[in-house]
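What follows is the content of protein-v4.txt, which has compact mmCIF, C-alpha atoms:
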# COMPACT_ATOMS: atom_id res chain seq x y z
CA MET Z 1 14.93 -4.51 -16.18
CA THR Z 2 16.39 -4.49 -12.69
CA PHE Z 3 17.20 -7.63 -10.76
CA VAL Z 4 17.71 -6.82 -7.09
CA ARG Z 5 19.51 -9.19 -4.76
CA PRO Z 6 17.99 -9.56 -1.27
CA ALA Z 7 20.97 -7.74 0.24
CA ASP Z 8 20.25 -4.73 -1.98
CA VAL Z 9 16.60 -4.56 -0.98
CA HIS Z 10 17.55 -4.80 2.69
CA VAL Z 11 19.15 -1.33 2.55
CA VAL Z 12 17.37 0.85 5.11
CA ILE Z 13 16.68 4.53 4.56
CA GLU Z 14 16.45 6.19 7.97
CA PHE Z 15 13.23 8.04 8.67
CA GLU Z 16 14.32 9.83 11.80
CA ILE Z 17 11.49 12.06 12.90
CA SER Z 18 11.16 10.87 16.49
CA GLY Z 19 14.46 12.53 17.39
CA GLU Z 20 13.29 15.98 16.37
CA ALA Z 21 12.15 18.58 18.89
CA GLY Z 22 8.50 17.77 19.54
CA ARG Z 23 6.45 15.85 17.01
CA PRO Z 24 6.86 16.87 13.36
CA ASN Z 25 3.86 18.38 11.63
CA ALA Z 26 2.41 17.25 8.31
CA ALA Z 27 4.64 19.58 6.30
CA ARG Z 28 7.81 18.07 7.80
CA VAL Z 29 6.63 14.49 7.32
CA ARG Z 30 5.62 15.23 3.74
CA GLU Z 31 9.00 16.86 3.08
CA ARG Z 32 10.74 13.69 4.28
CA LEU Z 33 8.42 11.50 2.19
CA GLY Z 34 9.41 13.57 -0.85
CA GLU Z 35 13.07 12.93 -0.08
CA LEU Z 36 12.40 9.20 0.16
CA ASP Z 37 10.51 9.26 -3.16
CA ALA Z 38 13.52 10.94 -4.80
CA LEU Z 39 15.88 8.34 -3.34
CA ARG Z 40 13.58 5.57 -4.55
CA GLU Z 41 13.59 7.00 -8.07
CA ALA Z 42 17.38 7.16 -8.09
CA ARG Z 43 17.73 3.63 -6.73
CA PHE Z 44 15.50 2.02 -9.34
CA ALA Z 45 16.31 4.17 -12.36
CA GLY Z 46 19.17 1.98 -13.56
CA SER Z 47 19.88 -1.72 -13.73
CA ALA Z 48 21.59 -3.87 -11.14
CA PRO Z 49 23.56 -7.02 -11.99
CA ASP Z 50 21.58 -10.17 -12.45
CA GLY Z 51 21.32 -12.28 -9.31
CA GLN Z 52 21.61 -16.02 -9.22
CA ALA Z 53 18.66 -18.23 -9.97
CA ARG Z 54 16.32 -18.74 -7.00
CA SER Z 55 13.51 -21.16 -6.29
CA ILE Z 56 10.90 -18.44 -5.68
CA ALA Z 57 10.68 -15.18 -7.61
CA LEU Z 58 9.27 -12.12 -5.83
CA VAL Z 59 7.95 -10.00 -8.68
CA PHE Z 60 7.12 -6.30 -8.40
CA THR Z 61 4.78 -5.15 -11.16
CA HIS Z 62 5.82 -1.51 -10.87
CA TRP Z 63 9.04 0.17 -9.77
CA THR Z 64 7.43 2.49 -7.18
CA ILE Z 65 6.63 -0.37 -4.79
CA ALA Z 66 10.07 -2.02 -4.94
CA ASP Z 67 11.26 -0.22 -1.84
CA ASP Z 68 12.12 -1.71 1.53
CA GLU Z 69 10.82 1.41 3.29
CA HIS Z 70 7.41 1.48 1.57
CA ALA Z 71 4.72 1.74 4.27
CA PHE Z 72 2.96 -1.44 3.12
CA PHE Z 73 5.23 -3.31 0.71
CA GLY Z 74 8.31 -2.87 2.92
CA PRO Z 75 7.00 -4.95 5.86
CA LEU Z 76 5.27 -7.28 3.41
CA VAL Z 77 8.58 -8.10 1.71
CA ARG Z 78 10.29 -8.51 5.07
CA GLY Z 79 7.56 -10.97 6.07
CA ILE Z 80 8.18 -12.90 2.85
CA ARG Z 81 11.93 -12.98 3.44
CA ASP Z 82 11.56 -14.08 7.05
CA GLU Z 83 9.14 -16.89 6.23
CA ALA Z 84 11.28 -18.00 3.26
CA ALA Z 85 14.29 -18.23 5.57
CA VAL Z 86 12.34 -20.34 8.07
CA ARG Z 87 11.17 -22.59 5.22
CA ASP Z 88 14.73 -22.89 3.84
CA CYS Z 89 13.70 -21.24 0.59
CA ASP Z 90 15.74 -18.79 -1.51
CA VAL Z 91 14.13 -15.75 -3.11
CA ILE Z 92 15.03 -13.58 -6.08
CA LEU Z 93 13.50 -10.12 -6.26
CA CYS Z 94 12.64 -8.57 -9.62
CA ALA Z 95 11.42 -5.03 -10.31
CA PRO Z 96 10.83 -3.26 -13.62
CA SER Z 97 12.95 -0.30 -14.61
CA ARG Z 98 11.45 3.08 -13.81
CA ASP Z 99 9.91 3.52 -17.25
CA HIS Z 100 8.37 0.09 -17.67
CA TRP Z 101 5.86 -2.37 -16.31
CA LEU Z 102 6.80 -5.96 -15.70
CA GLU Z 103 8.46 -7.36 -18.81
CA GLU Z 104 7.71 -10.83 -20.12
CA ASP Z 105 11.35 -11.61 -20.87
CA ALA Z 106 12.30 -11.11 -17.23
CA VAL Z 107 9.77 -13.66 -16.03
CA ALA Z 108 10.85 -16.01 -18.83
CA ARG Z 109 14.48 -15.80 -17.68
CA MET Z 110 13.54 -16.61 -14.09
CA VAL Z 111 11.48 -19.60 -15.19
CA HIS Z 112 14.29 -20.76 -17.49
CA HIS Z 113 16.77 -20.65 -14.60
CA GLY Z 114 14.63 -22.87 -12.42
CA THR Z 115 12.18 -20.64 -10.57
CA ASP Z 116 9.55 -22.90 -9.02
CA GLY Z 117 6.91 -20.24 -8.46
CA LEU Z 118 6.10 -16.55 -8.29
CA ILE Z 119 4.86 -14.16 -5.62
CA VAL Z 120 3.47 -11.11 -7.41
CA LEU Z 121 3.22 -7.73 -5.69
CA GLY Z 122 1.55 -4.77 -7.29
CA GLY Z 123 -1.96 -3.99 -8.33
CA ALA Z 124 -2.00 -1.80 -11.43
CA ASP Z 125 -3.08 -3.33 -14.72
CA GLY Z 126 0.28 -3.10 -16.47
CA ASN Z 127 0.49 -6.05 -18.88
CA PRO Z 128 -1.28 -8.97 -17.16
CA ASP Z 129 -0.83 -11.27 -20.17
CA VAL Z 130 2.77 -11.73 -19.03
CA LEU Z 131 1.52 -13.89 -16.16
CA GLY Z 132 -1.98 -14.80 -17.27
CA THR Z 133 -1.19 -16.58 -20.54
CA ARG Z 134 2.39 -17.70 -21.10
CA PHE Z 135 3.01 -18.65 -17.46
CA GLN Z 136 -0.50 -19.58 -16.38
CA GLY Z 137 0.55 -23.09 -15.28
CA LEU Z 138 3.31 -21.81 -13.00
CA PRO Z 139 2.35 -21.80 -9.28
CA SER Z 140 1.83 -18.16 -8.35
CA VAL Z 141 0.52 -16.10 -5.45
CA PHE Z 142 -0.93 -12.66 -6.14
CA VAL Z 143 -0.86 -10.31 -3.17
CA GLU Z 144 -3.62 -7.67 -3.34
CA TYR Z 145 -3.94 -8.35 -7.06
CA ASP Z 146 -6.48 -10.17 -9.23
CA VAL Z 147 -5.32 -13.72 -9.82
CA LEU Z 148 -4.21 -14.64 -13.35
CA GLY Z 149 -3.71 -18.19 -14.55
CA SER Z 150 -4.96 -21.60 -13.48
CA ARG Z 151 -2.39 -22.14 -10.69
CA SER Z 152 -2.81 -18.82 -8.91
CA ALA Z 153 -3.55 -18.17 -5.26
CA HIS Z 154 -4.57 -14.87 -3.69
CA VAL Z 155 -3.54 -13.24 -0.40
CA GLY Z 156 -4.99 -9.91 0.61
CA ILE Z 157 -6.74 -7.78 3.18
CA ASP Z 158 -10.49 -7.24 3.43
CA ASN Z 159 -10.29 -3.70 2.09
CA GLU Z 160 -14.04 -3.17 2.02
CA GLN Z 161 -14.44 -4.13 5.66
CA ALA Z 162 -11.44 -2.08 6.81
CA PHE Z 163 -12.19 1.09 4.87
CA GLY Z 164 -15.87 0.82 5.74
CA GLU Z 165 -14.90 0.74 9.40
CA LEU Z 166 -13.01 4.02 8.94
CA ILE Z 167 -16.10 5.66 7.45
CA VAL Z 168 -18.34 4.37 10.24
CA HIS Z 169 -15.87 5.71 12.80
CA LEU Z 170 -15.86 9.16 11.21
CA ALA Z 171 -19.66 9.18 11.15
CA SER Z 172 -19.86 8.03 14.77
CA THR Z 173 -17.66 10.95 15.86
CA GLY Z 174 -20.12 13.47 14.43
CA HIS Z 175 -18.89 13.98 10.87
CA SER Z 176 -21.53 14.13 8.16
CA ARG Z 177 -19.69 15.60 5.16
CA ILE Z 178 -17.18 12.82 4.58
CA ALA Z 179 -15.00 12.92 1.48
CA THR Z 180 -12.39 10.49 0.18
CA ILE Z 181 -9.11 10.72 -1.72
CA THR Z 182 -8.70 7.57 -3.80
CA GLY Z 183 -5.64 5.59 -4.75
CA SER Z 184 -4.88 4.80 -8.39
CA LEU Z 185 -8.15 3.42 -9.70
CA ASP Z 186 -6.45 0.88 -11.97
CA MET Z 187 -5.55 -0.99 -8.78
CA ARG Z 188 -7.71 -3.55 -7.04
CA VAL Z 189 -7.26 -2.10 -3.55
CA SER Z 190 -8.26 1.41 -4.67
CA ALA Z 191 -11.45 0.17 -6.26
CA GLU Z 192 -12.33 -1.85 -3.16
CA ARG Z 193 -11.75 1.10 -0.81
CA LEU Z 194 -13.80 3.42 -3.02
CA SER Z 195 -16.58 0.84 -3.14
CA ALA Z 196 -16.51 0.64 0.66
CA TYR Z 197 -16.70 4.43 0.94
CA ARG Z 198 -19.74 4.66 -1.30
CA GLY Z 199 -21.49 1.61 0.10
CA THR Z 200 -20.96 2.57 3.73
CA LEU Z 201 -22.22 6.14 3.26
CA ALA Z 202 -25.29 4.80 1.50
CA ARG Z 203 -26.01 2.34 4.31
CA LEU Z 204 -25.64 5.15 6.85
CA GLY Z 205 -28.16 7.24 4.91
CA TYR Z 206 -25.64 9.87 3.84
CA SER Z 207 -25.62 11.30 0.33
CA VAL Z 208 -22.66 10.31 -1.84
CA ARG Z 209 -21.46 13.48 -3.52
CA SER Z 210 -19.38 13.04 -6.65
CA ASP Z 211 -17.29 16.13 -5.82
CA TYR Z 212 -16.36 14.53 -2.49
CA VAL Z 213 -14.54 11.76 -4.38
CA GLN Z 214 -11.16 13.09 -5.43
CA PRO Z 215 -8.61 11.03 -7.40
CA GLY Z 216 -5.12 10.29 -6.11
CA ASP Z 217 -2.19 7.97 -6.75
CA PHE Z 218 -1.00 6.89 -3.26
CA LEU Z 219 1.63 9.67 -3.14
CA SER Z 220 1.52 12.60 -0.71
CA GLN Z 221 1.38 15.21 -3.49
CA SER Z 222 -1.90 13.78 -4.74
CA GLY Z 223 -3.33 14.04 -1.22
CA TYR Z 224 -2.22 17.67 -1.03
CA ASP Z 225 -3.70 18.54 -4.43
CA ALA Z 226 -6.95 16.67 -3.77
CA MET Z 227 -7.42 18.39 -0.41
CA ASN Z 228 -6.99 21.80 -2.04
CA ARG Z 229 -9.72 20.88 -4.53
CA LEU Z 230 -11.98 19.85 -1.66
CA LEU Z 231 -11.28 23.08 0.23
CA ALA Z 232 -12.29 25.08 -2.86
CA LEU Z 233 -15.81 23.61 -2.86
CA ASP Z 234 -18.75 25.76 -1.78
CA VAL Z 235 -19.34 23.28 1.05
CA PRO Z 236 -16.02 21.62 1.96
CA PRO Z 237 -16.07 18.29 3.82
CA ASP Z 238 -15.66 18.03 7.56
CA ALA Z 239 -13.77 14.73 7.26
CA VAL Z 240 -11.56 13.06 4.64
CA ALA Z 241 -10.71 9.36 4.40
CA ALA Z 242 -7.52 9.00 2.36
CA ALA Z 243 -6.58 5.75 0.62
CA CYS Z 244 -3.16 5.69 2.32
CA ASP Z 245 -1.14 7.43 5.03
CA ALA Z 246 1.05 9.39 2.59
CA GLN Z 247 -2.02 10.99 1.01
CA ALA Z 248 -3.38 11.80 4.47
CA VAL Z 249 -0.17 13.70 5.24
CA GLY Z 250 -0.56 15.76 2.08
CA ALA Z 251 -4.19 16.49 2.98
CA ILE Z 252 -3.30 17.65 6.49
CA GLN Z 253 -0.62 19.98 5.16
CA ALA Z 254 -3.13 21.56 2.76
CA ILE Z 255 -5.59 22.02 5.62
CA GLU Z 256 -2.97 23.74 7.78
CA GLU Z 257 -1.76 25.98 4.96
CA ALA Z 258 -5.38 27.12 4.47
CA GLY Z 259 -5.41 28.35 8.07
CA LEU Z 260 -7.56 25.47 9.29
CA ARG Z 261 -6.85 22.76 11.84
CA CYS Z 262 -6.93 19.00 11.79
CA PRO Z 263 -8.99 17.55 13.41
CA GLU Z 264 -10.84 20.58 14.82
CA ASP Z 265 -12.00 21.82 11.40
CA ILE Z 266 -11.48 18.76 9.22
CA ALA Z 267 -10.73 15.23 10.40
CA VAL Z 268 -8.38 13.09 8.30
CA THR Z 269 -7.71 9.34 8.25
CA GLY Z 270 -5.15 7.25 6.40
CA PHE Z 271 -4.55 3.58 5.64
CA ASP Z 272 -1.40 1.44 6.26
CA ASP Z 273 -0.18 2.58 9.71
CA ALA Z 274 3.25 3.64 8.49
CA VAL Z 275 6.02 3.68 11.10
CA TRP Z 276 5.70 7.46 11.43
CA ALA Z 277 1.87 7.64 11.58
CA GLY Z 278 1.76 7.75 15.38
CA LEU Z 279 4.74 10.11 15.67
CA MET Z 280 3.53 13.06 13.59
CA ARG Z 281 1.35 15.93 14.77
CA PRO Z 282 -1.55 15.29 14.70
CA ALA Z 283 -1.04 11.55 15.19
CA LEU Z 284 -2.77 9.80 12.33
CA THR Z 285 -5.88 7.63 12.62
CA THR Z 286 -5.42 4.80 10.15
CA VAL Z 287 -5.82 1.08 9.41
CA ARG Z 288 -2.98 -1.21 10.35
CA GLN Z 289 -2.45 -3.87 7.70
CA PRO Z 290 -1.06 -7.27 8.76
CA ALA Z 291 1.64 -6.97 6.11
CA ALA Z 292 4.14 -9.40 7.64
CA ALA Z 293 1.43 -12.02 8.12
CA MET Z 294 0.36 -11.55 4.51
CA GLY Z 295 3.95 -12.13 3.38
CA ALA Z 296 4.23 -15.31 5.41
CA ALA Z 297 0.88 -16.55 4.06
CA ALA Z 298 2.06 -15.90 0.50
CA VAL Z 299 5.19 -18.02 1.00
CA ASP Z 300 3.29 -20.83 2.70
CA SER Z 301 0.62 -20.86 -0.01
CA LEU Z 302 3.16 -20.94 -2.83
CA LEU Z 303 5.23 -23.74 -1.29
CA ALA Z 304 2.07 -25.75 -0.66
CA MET Z 305 1.12 -25.50 -4.35
CA ILE Z 306 4.66 -26.37 -5.46
CA GLU Z 307 4.73 -29.44 -3.21
CA ASN Z 308 1.21 -30.54 -4.16
CA PRO Z 309 0.34 -29.81 -7.82
CA ALA Z 310 -3.21 -31.03 -7.24
CA LEU Z 311 -3.88 -28.54 -4.44
CA GLU Z 312 -6.64 -26.01 -5.05
CA PRO Z 313 -4.95 -22.57 -5.06
CA PRO Z 314 -5.67 -20.94 -1.66
CA LYS Z 315 -7.65 -17.72 -1.29
CA ILE Z 316 -6.63 -15.94 1.94
CA LEU Z 317 -8.22 -12.72 3.18
CA LEU Z 318 -6.90 -11.13 6.39
CA GLU Z 319 -8.44 -8.32 8.45
CA GLY Z 320 -7.07 -4.84 9.04
CA GLU Z 321 -7.10 -3.13 12.44
CA LEU Z 322 -8.54 0.34 13.01
CA VAL Z 323 -5.99 2.45 14.93
CA VAL Z 324 -7.69 5.51 16.42
CA ARG Z 325 -5.46 8.54 17.04
CA GLU Z 326 -5.95 12.29 17.21
CA SER Z 327 -6.35 13.20 13.50
CA CYS Z 328 -10.00 12.14 13.72
CA GLY Z 329 -10.59 14.01 16.97
CA ALA Z 330 -9.72 11.27 19.45
CA PRO Z 331 -7.53 12.16 22.46
CA PHE Z 332 -3.97 10.97 22.11
CA THR Z 333 -0.97 11.02 24.43
CA VAL Z 334 2.60 10.58 23.25
CA ALA Z 335 4.43 7.91 25.25
CA VAL Z 336 7.51 9.10 27.13
File written out as structure tokens:
Amino acid sequence: MTFVRPADVHVVIEFEISGEAGRPNAARVRERLGELDALREARFAGSAPDGQARSIALVFTHWTIADDEHAFFGPLVRGIRDEAAVRDCDVILCAPSRDHWLEEDAVARMVHHGTDGLIVLGGADGNPDVLGTRFQGLPSVFVEYDVLGSRSAHVGIDNEQAFGELIVHLASTGHSRIATITGSLDMRVSAERLSAYRGTLARLGYSVRSDYVQPGDFLSQSGYDAMNRLLALDVPPDAVAAACDAQAVGAIQAIEEAGLRCPEDIAVTGFDDAVWAGLMRPALTTVRQPAAAMGAAAVDSLLAMIENPALEPPKILLEGELVVRESCGAPFTVAV
């Protein structure tokens, strides 16, 4: 089990692609993402010294998301830290070791040392009994995660609305063979985005082909592999909606290596609006998540439940913003 002090999580890994000659293509961005994944593995493979007891515990349910440079969880955590500072509230951050899910003993230690509540980040099933049974009376906020326990609030994004908007946009720009690359399907957000894909195509009168739904895991390699499977079909898609930006990068690289072009031959969209999404070539059409606002809402909701034990746990759903760039065929000009 790794306990990470806030100062440790604040370490920034530079992602310097804007300083390169021209805009980097998908292969270069994916190469850099691979380097960041390797650094993340090294950072969270061992154990850090225990931090001091804090009043709020920020709990990561899986090691891969405990990274300050993660496209979604990075700004989310920064939003939590900023709001906690404004509210004069200390935070302890806890992530599992690389080979484990969240461990019950870790949560028990935080509660024993005076933690007043939990903010839970993650999404995969893992071992939900850790929070849903033994600690069900502890005020908790689950971010993009099914709530567990009687004192649990939820903060998330309307994934169905946001992903559905991506599909409608692709259809409105003339694409009729729209495929998707999913995230890990044991996660709430992946299931919601897949549901939006299927439901929106059905409402538009398009057939939903099972071979146009390719599994992924939110990493760029899965986007690359899934796109190669789609390209091998007798009738490949003319557009692909990936579950996240990293997968979209992998898909674009596969398209280019096959001698095709994005968006001229196949349009690609992502989800997250990572800091590099508008800098790469082609600039990536995606959904911008209000991650910092979600973090602030999580802190405010948790403190409200701590201060008022009778308060009904809040359920907060924010909206994403469609960001149209050139990977779907839209004109795009790089600012100078």
Nearest to Z:Glu312, chosen from Z:Asn228, Z:Thr182, Z:Ser222, Z:Ser152, with only C-alpha atoms counted in the distances
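Among the listed residues, the smallest separation from Z:Glu312 belongs to Z:Ser152.
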Could you please determine the separation between atom CA of Z:Ala57 and atom CA of Z:Asp158 in Å, to one decimal place?
25.2 Å
Could you tell me how far atom CA of Z:Ser210 sits from atom CA of Z:Glu257, in Å to one decimal place?
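Those two atoms sit 24.8 Å apart.
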Could you tell me how far atom CA of Z:Arg188 sits from atom CA of Z:Pro263, in Å to one decimal place?
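A separation of 29.4 Å between them.
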Would you list the residues near (4.7, 12.3, 11.9), meaning any protein, DNA or RNA residue with an atom at most 7 Å from that point in file coordinates, counting all atoms listed in the file, as a ChimeraX atom specification?
/Z:17,23-26,29,276-281,283
Could you pull the residues within 9 Å of stretch 161-172 of chain Z, counting all atoms listed in the file, minus those fewer than 3 positions along the same chain, as an mmCIF file with C-alpha atoms, keeping the file's coordinate frame?
data_model
loop_
_atom_site.group_PDB
_atom_site.id
_atom_site.type_symbol
_atom_site.label_atom_id
_atom_site.label_comp_id
_atom_site.auth_asym_id
_atom_site.auth_seq_id
_atom_site.Cartn_x
_atom_site.Cartn_y
_atom_site.Cartn_z
ATOM 1 C CA ILE Z 157 -6.740 -7.780 3.180
ATOM 2 C CA ASP Z 158 -10.490 -7.240 3.430
ATOM 3 C CA HIS Z 175 -18.890 13.980 10.870
ATOM 4 C CA SER Z 176 -21.530 14.130 8.160
ATOM 5 C CA ARG Z 177 -19.690 15.600 5.160
ATOM 6 C CA ILE Z 178 -17.180 12.820 4.580
ATOM 7 C CA GLU Z 192 -12.330 -1.850 -3.160
ATOM 8 C CA ARG Z 193 -11.750 1.100 -0.810
ATOM 9 C CA LEU Z 194 -13.800 3.420 -3.020
ATOM 10 C CA SER Z 195 -16.580 0.840 -3.140
ATOM 11 C CA ALA Z 196 -16.510 0.640 0.660
ATOM 12 C CA TYR Z 197 -16.700 4.430 0.940
ATOM 13 C CA ARG Z 198 -19.740 4.660 -1.300
ATOM 14 C CA GLY Z 199 -21.490 1.610 0.100
ATOM 15 C CA THR Z 200 -20.960 2.570 3.730
ATOM 16 C CA LEU Z 201 -22.220 6.140 3.260
ATOM 17 C CA LEU Z 204 -25.640 5.150 6.850
ATOM 18 C CA ALA Z 239 -13.770 14.730 7.260
ATOM 19 C CA VAL Z 240 -11.560 13.060 4.640
ATOM 20 C CA ALA Z 241 -10.710 9.360 4.400
ATOM 21 C CA ALA Z 243 -6.580 5.750 0.620
ATOM 22 C CA ALA Z 267 -10.730 15.230 10.400
ATOM 23 C CA VAL Z 268 -8.380 13.090 8.300
ATOM 24 C CA THR Z 269 -7.710 9.340 8.250
ATOM 25 C CA GLY Z 270 -5.150 7.250 6.400
ATOM 26 C CA PHE Z 271 -4.550 3.580 5.640
ATOM 27 C CA THR Z 285 -5.880 7.630 12.620
ATOM 28 C CA THR Z 286 -5.420 4.800 10.150
ATOM 29 C CA VAL Z 287 -5.820 1.080 9.410
ATOM 30 C CA GLU Z 319 -8.440 -8.320 8.450
ATOM 31 C CA GLY Z 320 -7.070 -4.840 9.040
ATOM 32 C CA GLU Z 321 -7.100 -3.130 12.440
ATOM 33 C CA LEU Z 322 -8.540 0.340 13.010
ATOM 34 C CA VAL Z 324 -7.690 5.510 16.420
ATOM 35 C CA CYS Z 328 -10.000 12.140 13.720
#
Show me the residues close to (9.7, 2.4, 10.8) - anything with an atom within 8 Å, counting all atoms listed in the file - and format the list as a PyMOL selection string.
chain Z and resi 15+69+274-276
Option closest in space to Z:Leu58, from Z:Val120, Z:Met110, Z:Val86, Z:Ala179 [counting only C-alpha atoms]:
Z:Val120
If we count all atoms listed in the file, what is near Z:Tyr224 at a cut-off of 8 Å, once residues fewer than 6 positions away on the same chain are taken out, given as a list in words?
Gln247, Val249, Gly250, Ala251, Ile252, Gln253 and Ala254 of chain Z
Of the candidates Z:Leu118, Z:Val189, Z:Leu219, Z:Ala292, which one gets nearest to Z:Phe73 if we count all atoms listed in the file?
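Of Z:Leu118, Z:Val189, Z:Leu219, Z:Ala292, the one nearest Z:Phe73, counting all atoms listed in the file, is Z:Ala292.
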Given all atoms listed in the file as the counted atoms, nearest of Z:Ala242, Z:Ser140, Z:Phe135, Z:Val155 to Z:Asp105:
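Of the candidates, the smallest distance to Z:Asp105 is held by Z:Phe135.
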Find the residue from Z:Pro236, Z:Pro314, Z:Gly117, Z:Gly183 that sits nearest to Z:Phe218; use only C-alpha atoms when measuring.
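Closest to Z:Phe218 of all the choices is Z:Gly183.
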